[in-house]
Amino acid sequence: MPNTIIIGSGSYIPNRVIGRDYFMNSEFYTEDGVKIEKPVEETIAKFVEITEIENRRFIEDNLSNSQIGYEAAKIALEDAKVDGEDLDYIIYASNFGEVTENGYADFMPTMAARVKNKLGIKNRKCVTYDMIFGCPGWVEGMILADNLIKAKVAKTILVIGAETLSRVTDPHDRNRMIFADGAGAVVVKATDDENAGIIAHNTICDNGPELNYLENQPSINKNVDQKRLYVRMLGRKIYEYALKNVPVAIKDTITDAGLSIEDIDKILIHQANAKMDYAMIERLHKLYDVKEYDHSISPMTIQDLGNTSVATIPTMYDLIIKGKMEGQSFKDKGNIVMTSVGAGMNINAIVYRFP
């Protein structure tokens, strides 16, 4: 049975840097629709203290989700030295697709089809899939790619994660300061090397009371248009859910790979809140009775890039493998974990071994 290895990567980080001053004229409300009377700068400072997000990136007005996804994909194909005509599948992960000027999600035609068009791929047998799976979408796209390769129905697949969350945030919601834009992509290929590539993966879908922890809702300011929908999240509920479930899911996947925590060199975890990520990594080590560990095992980009949802992990992978993250690198034949949690609620994890 073939394994799935990454042979190229690319990312698109918008040039537009959004700092705390961008939000200084905001009028924030609580989740109950009550105006927050304390100074805005105090609200922003508390937000930065908890999340560590000082800056984030927004795309320019003339760009779109599919455009930045295309930019990341083009770089990944060049890096992999793969002709787009040789792709069997394009899998595109996003939450809102090609967001319109009115903030509506647009998925027709699919994002994957739009990128195939932008790449000029004529191969009619190159299948285009969209992966709508919350923030874990890109990781799930990788899992789908692995399943397709192991089923021997594909050999070469492009997996993209791109999002323009700046266009779906409520201007009156403090959580808008978390979200950002970006794109990442990898090209994966079948290999006969049994000791390299994706060696284990798991997916969990809790769709009971957790279903509405992340959803689309009207503005929390009841005095403005209530027809337009924005991304809304129950931060405390998500924090508690993630802390309880994500470390266990990671440990189970590491176990499935026949490994233990000391065999893992890096954990590329989706980043929505630095405090939450630190807590999840600490809880994971506690499951192994490990109290002291090298915190560089979990690289962080959230401080300067914000929460780019599906783009977080492929972007981080691309930055590290190309030597663009200070103090971070991957080891030959080393093992890494890629894991995410998000809307659904969904959790997934991959153990990947470098050739």
# chains A, B, ... in the order shown; residues from 1 in each chain; ligands from 1

$ residues_around --residues "Tyr293 (chain A)" --least-positions-apart "2" --cutoff "10 Å" --atoms "only C-alpha atoms" --output "MDAnalysis selection string"
chainID A and resid 262 281:282 285 290:291 295:297

$ write_last_selection --atoms "C-alpha atoms" --output "short mmCIF file (atom, residue, chain, number, x, y, z; two decimals), in the first residue's frame"
data_model
loop_
_atom_site.label_atom_id
_atom_site.label_comp_id
_atom_site.auth_asym_id
_atom_site.auth_seq_id
_atom_site.Cartn_x
_atom_site.Cartn_y
_atom_site.Cartn_z
CA GLU A 262 9.54 11.71 22.71
CA ILE A 281 0.35 21.18 24.35
CA GLU A 282 0.92 21.14 28.10
CA HIS A 285 2.57 16.16 27.67
CA VAL A 290 5.96 14.74 31.08
CA LYS A 291 6.22 17.95 33.10
CA HIS A 295 8.32 24.59 24.07
CA SER A 296 9.82 25.03 20.60
CA ILE A 297 8.13 21.70 19.78
#

$ select_by_dssp --residues "region 207-337 of chain A" --states "strand (DSSP E)" --output "PyMOL selection string"
chain A and resi 214-217+230-233+264-269+335-337

$ residues_around --residues "region 219-221 of chain A" --least-positions-apart "4" --cutoff "12 Å" --atoms "only C-alpha atoms" --output "list of chain:residue names"
A:Ser26, A:Glu27, A:Phe28, A:Tyr29, A:Thr30, A:Glu31, A:Asp32, A:Gly33, A:Val34, A:Lys35, A:Ile36, A:Val168, A:Thr169, A:Asp170, A:Pro171, A:His172, A:Asp173, A:Arg174, A:Asn175, A:Arg176, A:Asp225, A:Gln226, A:Lys227, A:Arg228, A:Leu229, A:Tyr230, A:Val231, A:Arg232, A:Met233

$ residues_around --residues "region 114-117 of chain A" --least-positions-apart "4" --cutoff "10 Å" --atoms "only C-alpha atoms" --output "JSON, numbers by chain"
{"A": [65, 66, 67, 68, 69, 70, 71, 73, 74, 84, 85, 87, 89, 90, 91, 92, 98, 107, 108, 109, 110, 121, 122, 123, 126, 127, 128, 160]}

$ residues_around --residues "Asn195 (chain A)" --least-positions-apart "3" --cutoff "12 Å" --atoms "only C-alpha atoms" --output "NGL selection string"
:A and (1-5 or 191-192 or 198-200 or 257-258 or 332-335 or 351-355)

$ closest_atom_pairs --of "region 173-276 of chain A" --to "region 306-311 of chain A" --cutoff "12 Å" --atoms "only C-alpha atoms" --output "JSON lines"
{"residue": "A:Asn175", "atom": "CA", "partner": "A:Asn307", "partner_atom": "CA", "distance": 10.7}
{"residue": "A:Arg176", "atom": "CA", "partner": "A:Asn307", "partner_atom": "CA", "distance": 10.1}
{"residue": "A:Met177", "atom": "CA", "partner": "A:Gly306", "partner_atom": "CA", "distance": 8.2}
{"residue": "A:Ile178", "atom": "CA", "partner": "A:Asn307", "partner_atom": "CA", "distance": 5.8}
{"residue": "A:Phe179", "atom": "CA", "partner": "A:Asn307", "partner_atom": "CA", "distance": 4.8}
{"residue": "A:Ala180", "atom": "CA", "partner": "A:Thr308", "partner_atom": "CA", "distance": 5.0}
{"residue": "A:Asp181", "atom": "CA", "partner": "A:Thr308", "partner_atom": "CA", "distance": 5.3}
{"residue": "A:Gly182", "atom": "CA", "partner": "A:Thr308", "partner_atom": "CA", "distance": 5.7}
{"residue": "A:Ala183", "atom": "CA", "partner": "A:Ala311", "partner_atom": "CA", "distance": 4.8}
{"residue": "A:Gly184", "atom": "CA", "partner": "A:Ala311", "partner_atom": "CA", "distance": 5.1}
{"residue": "A:Ala185", "atom": "CA", "partner": "A:Ala311", "partner_atom": "CA", "distance": 8.0}
{"residue": "A:Val186", "atom": "CA", "partner": "A:Ala311", "partner_atom": "CA", "distance": 11.0}
{"residue": "A:Leu268", "atom": "CA", "partner": "A:Ala311", "partner_atom": "CA", "distance": 11.8}
{"residue": "A:Ile269", "atom": "CA", "partner": "A:Ser309", "partner_atom": "CA", "distance": 10.8}
{"residue": "A:His270", "atom": "CA", "partner": "A:Ser309", "partner_atom": "CA", "distance": 7.2}
{"residue": "A:Gln271", "atom": "CA", "partner": "A:Asn307", "partner_atom": "CA", "distance": 5.8}
{"residue": "A:Ala272", "atom": "CA", "partner": "A:Asn307", "partner_atom": "CA", "distance": 4.9}
{"residue": "A:Asn273", "atom": "CA", "partner": "A:Asn307", "partner_atom": "CA", "distance": 7.8}
{"residue": "A:Ala274", "atom": "CA", "partner": "A:Gly306", "partner_atom": "CA", "distance": 9.8}

$ atom_distance --atom1 "CA of Phe47 (chain A)" --atom2 "CA of Tyr239 (chain A)"
14.9 Å

$ atom_distance --atom1 "CA of Ile59 (chain A)" --atom2 "CA of Ser166 (chain A)"
8.1 Å

$ closest_residue --among "A:Ser94, A:Gln303, A:Asn147, A:Thr253" --to "Ala349 (chain A)" --atoms "only C-alpha atoms"
A:Thr253

$ select_by_dssp --residues "region 216-317 of chain A" --states "helix (DSSP H, G or I)" --output "PyMOL selection string"
chain A and resi 235-256+261-263+274-287+295-297+302-305+309-317

$ write_last_selection --atoms "C-alpha atoms" --output "compact mmCIF listing (two decimals), in the first residue's frame"
# COMPACT_ATOMS: atom_id res chain seq x y z
CA GLY A 235 -14.89 31.31 23.09
CA ARG A 236 -15.16 29.75 26.54
CA LYS A 237 -17.04 26.69 25.22
CA ILE A 238 -14.44 26.17 22.48
CA TYR A 239 -11.58 26.55 24.95
CA GLU A 240 -13.03 23.94 27.30
CA TYR A 241 -13.87 21.55 24.46
CA ALA A 242 -10.43 21.86 22.85
CA LEU A 243 -8.53 21.41 26.10
CA LYS A 244 -10.49 18.29 26.95
CA ASN A 245 -10.48 16.60 23.54
CA VAL A 246 -7.57 17.72 21.35
CA PRO A 247 -4.69 16.37 23.50
CA VAL A 248 -6.36 12.95 23.67
CA ALA A 249 -6.90 12.91 19.89
CA ILE A 250 -3.23 13.77 19.31
CA LYS A 251 -2.06 11.08 21.73
CA ASP A 252 -4.29 8.47 20.08
CA THR A 253 -2.83 9.32 16.68
CA ILE A 254 0.74 9.14 17.97
CA THR A 255 -0.09 5.74 19.47
CA ASP A 256 -1.59 4.57 16.17
CA ILE A 261 5.73 11.88 22.59
CA GLU A 262 9.54 11.71 22.71
CA ASP A 263 9.49 10.55 19.07
CA ALA A 274 -2.01 31.36 22.06
CA LYS A 275 -3.25 30.68 25.59
CA MET A 276 -5.37 27.79 24.34
CA ASP A 277 -2.52 26.32 22.29
CA TYR A 278 -0.09 26.45 25.20
CA ALA A 279 -2.66 24.72 27.41
CA MET A 280 -3.34 21.95 24.86
CA ILE A 281 0.35 21.18 24.35
CA GLU A 282 0.92 21.14 28.10
CA ARG A 283 -2.07 18.84 28.60
CA LEU A 284 -0.74 16.52 25.86
CA HIS A 285 2.57 16.16 27.67
CA LYS A 286 0.76 15.52 30.96
CA LEU A 287 -0.93 12.55 29.31
CA HIS A 295 8.32 24.59 24.07
CA SER A 296 9.82 25.03 20.60
CA ILE A 297 8.13 21.70 19.78
CA ILE A 302 -0.36 33.63 15.60
CA GLN A 303 1.40 36.63 17.15
CA ASP A 304 2.08 38.19 13.74
CA LEU A 305 -0.28 36.39 11.35
CA SER A 309 -8.02 29.08 9.89
CA VAL A 310 -7.33 26.41 7.23
CA ALA A 311 -4.21 28.27 6.06
CA THR A 312 -2.41 28.15 9.42
CA ILE A 313 -0.76 24.74 9.25
CA PRO A 314 0.26 24.65 5.54
CA THR A 315 1.64 28.18 5.87
CA MET A 316 3.65 27.22 8.96
CA TYR A 317 4.90 24.08 7.23

$ residues_around --residues "Arg167 (chain A)" --least-positions-apart "2" --cutoff "7 Å" --atoms "only C-alpha atoms" --output "MDAnalysis selection string"
chainID A and resid 99 103 164:165 169

$ write_last_selection --atoms "C-alpha atoms" --output "PDB file, in the first residue's frame"
ATOM      1  CA  VAL A  99     -16.754  35.911  -0.018  1.00  0.00           C
ATOM      2  CA  GLY A 103     -20.248  39.054   3.035  1.00  0.00           C
ATOM      3  CA  THR A 164     -10.351  35.587   3.940  1.00  0.00           C
ATOM      4  CA  LEU A 165     -11.860  35.813   7.412  1.00  0.00           C
ATOM      5  CA  THR A 169     -16.222  39.338  10.931  1.00  0.00           C
TER       6      THR A 169
END

$ closest_residue --among "A:Ala154, A:Leu63, A:Ile143, A:Ile132" --to "Glu101 (chain A)" --atoms "only C-alpha atoms"
A:Leu63
